[in-house]
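To start, the structure itself, in structure tokens.
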Amino acid sequence: MSDIEAKDPLALLRFRAMDLLARREHSAHELETKLATKFPESEEHIAQVLSELQRDNLQSDRRFAEAFIASRIRKGQGPYRISQELQQRGVTSGDTKEALASCGQDWFQLAAEVVKRKYGGTPCNSFQEQARRSRFLQYRGFSGEQIRSCFDDD
């Protein structure tokens, strides 16, 4: 492969991009950033390689968003934080909304599970404690409605 790499910079870029994609899904923005860092002189070729990878369905921002959302749900993060992180990784808001809608997650249930995991079954006896737990859930990326639903039973 080294002879081909030396003769064809596109083949080298594609090989490196495929190597990164074999490890985990990447957004197009992440791949572009990583490749540009490693090959700063090949910026014009990077865009071409990325479009070829997308055309061949080897790189997909939608697929990346779905995998990313699943990993963040396992960590107990809410939809707002996940959306923000996907935006930072260059995923369009359309892909983000579609992936969030298709993930099938009940965000109210997840918020309740996160509170239970963090605080156990201890009831919320004071306004200060409820405010503390609310800030925690807000930091995790849950909406006000999802947060309030966790305290309706208290």
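Labeling convention for the structure tokens: chains A, B, ... as they appear, residues from 1 per chain, ligands from 1 in order of appearance.
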
Note to self: When you look at Val91 of chain A with a cut-off of 7 Å (counting only C-alpha atoms), what residues show up, excluding the ones that are within fewer than 3 positions of it in the same chain? I need them as a VMD selection string.
What the structure shows: chain A and resid 27 61 86 to 87 95 to 96

Print the selection's residues with all heavy atoms to a file, as an mmCIF file, in the first residue's frame.
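So result34.cif came out as:
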data_model
loop_
_atom_site.group_PDB
_atom_site.id
_atom_site.type_symbol
_atom_site.label_atom_id
_atom_site.label_comp_id
_atom_site.auth_asym_id
_atom_site.auth_seq_id
_atom_site.Cartn_x
_atom_site.Cartn_y
_atom_site.Cartn_z
ATOM 1 N N SER A 27 -18.594 12.158 12.395
ATOM 2 C CA SER A 27 -19.310 13.118 11.551
ATOM 3 C C SER A 27 -18.338 13.588 10.464
ATOM 4 O O SER A 27 -17.120 13.442 10.579
ATOM 5 C CB SER A 27 -19.782 14.308 12.385
ATOM 6 O OG SER A 27 -18.698 15.094 12.811
ATOM 7 N N ASP A 61 -23.612 11.385 8.460
ATOM 8 C CA ASP A 61 -23.858 12.173 9.670
ATOM 9 C C ASP A 61 -25.082 11.650 10.415
ATOM 10 O O ASP A 61 -25.129 11.675 11.642
ATOM 11 C CB ASP A 61 -24.042 13.653 9.329
ATOM 12 C CG ASP A 61 -22.724 14.377 9.130
ATOM 13 O OD1 ASP A 61 -21.656 13.781 9.395
ATOM 14 O OD2 ASP A 61 -22.756 15.550 8.721
ATOM 15 N N LEU A 86 -24.013 17.425 19.371
ATOM 16 C CA LEU A 86 -24.028 17.086 17.949
ATOM 17 C C LEU A 86 -23.765 18.319 17.091
ATOM 18 O O LEU A 86 -23.069 18.237 16.072
ATOM 19 C CB LEU A 86 -25.361 16.434 17.569
ATOM 20 C CG LEU A 86 -25.523 14.982 18.006
ATOM 21 C CD1 LEU A 86 -26.951 14.517 17.791
ATOM 22 C CD2 LEU A 86 -24.548 14.078 17.274
ATOM 23 N N GLN A 87 -24.316 19.444 17.490
ATOM 24 C CA GLN A 87 -24.070 20.692 16.754
ATOM 25 C C GLN A 87 -22.579 21.033 16.788
ATOM 26 O O GLN A 87 -22.009 21.447 15.778
ATOM 27 C CB GLN A 87 -24.881 21.825 17.365
ATOM 28 C CG GLN A 87 -24.733 23.130 16.640
ATOM 29 C CD GLN A 87 -25.520 24.261 17.298
ATOM 30 O OE1 GLN A 87 -26.097 24.098 18.364
ATOM 31 N NE2 GLN A 87 -25.530 25.406 16.659
ATOM 32 N N ASP A 95 -30.600 16.578 10.727
ATOM 33 C CA ASP A 95 -30.167 15.216 11.056
ATOM 34 C C ASP A 95 -30.326 14.941 12.542
ATOM 35 O O ASP A 95 -30.710 13.850 12.948
ATOM 36 C CB ASP A 95 -28.713 14.989 10.639
ATOM 37 C CG ASP A 95 -28.547 14.773 9.142
ATOM 38 O OD1 ASP A 95 -29.551 14.445 8.473
ATOM 39 O OD2 ASP A 95 -27.418 14.930 8.640
ATOM 40 N N THR A 96 -30.024 15.945 13.363
ATOM 41 C CA THR A 96 -30.151 15.788 14.811
ATOM 42 C C THR A 96 -31.602 15.549 15.201
ATOM 43 O O THR A 96 -31.904 14.621 15.963
ATOM 44 C CB THR A 96 -29.602 17.029 15.537
ATOM 45 O OG1 THR A 96 -28.213 17.176 15.223
ATOM 46 C CG2 THR A 96 -29.770 16.915 17.033
#

I'd like the neighbourhood of segment 128-132 of chain A as a PyMOL selection string, where a residue qualifies if any of its atoms comes within 12 Å (using only C-alpha atoms), though same-chain residues fewer than 2 positions away should be ignored. chain A and resi 115+118-119+122-126+134-139+144+147-152+154

With distances taken over only C-alpha atoms, the candidate from A:Val114, A:Leu21, A:Leu12, A:Cys103 nearest Ala65 of chain A is A:Cys103

Closest of A:Glu32, A:Glu41, A:Asp8, A:Glu113 to Gln77 of chain A, counting only C-alpha atoms, is A:Glu113

Between A:Phe68, A:Arg74, A:Arg62, A:Arg117, smallest distance to Ser93 of chain A by only C-alpha atoms belongs to A:Arg62

- Query: Contacts of Val49 of chain A at 8 Å or less, counting only C-alpha atoms, minus same-chain residues fewer than 6 places along, as a ChimeraX atom specification?
  - Reply: /A:10,13-14
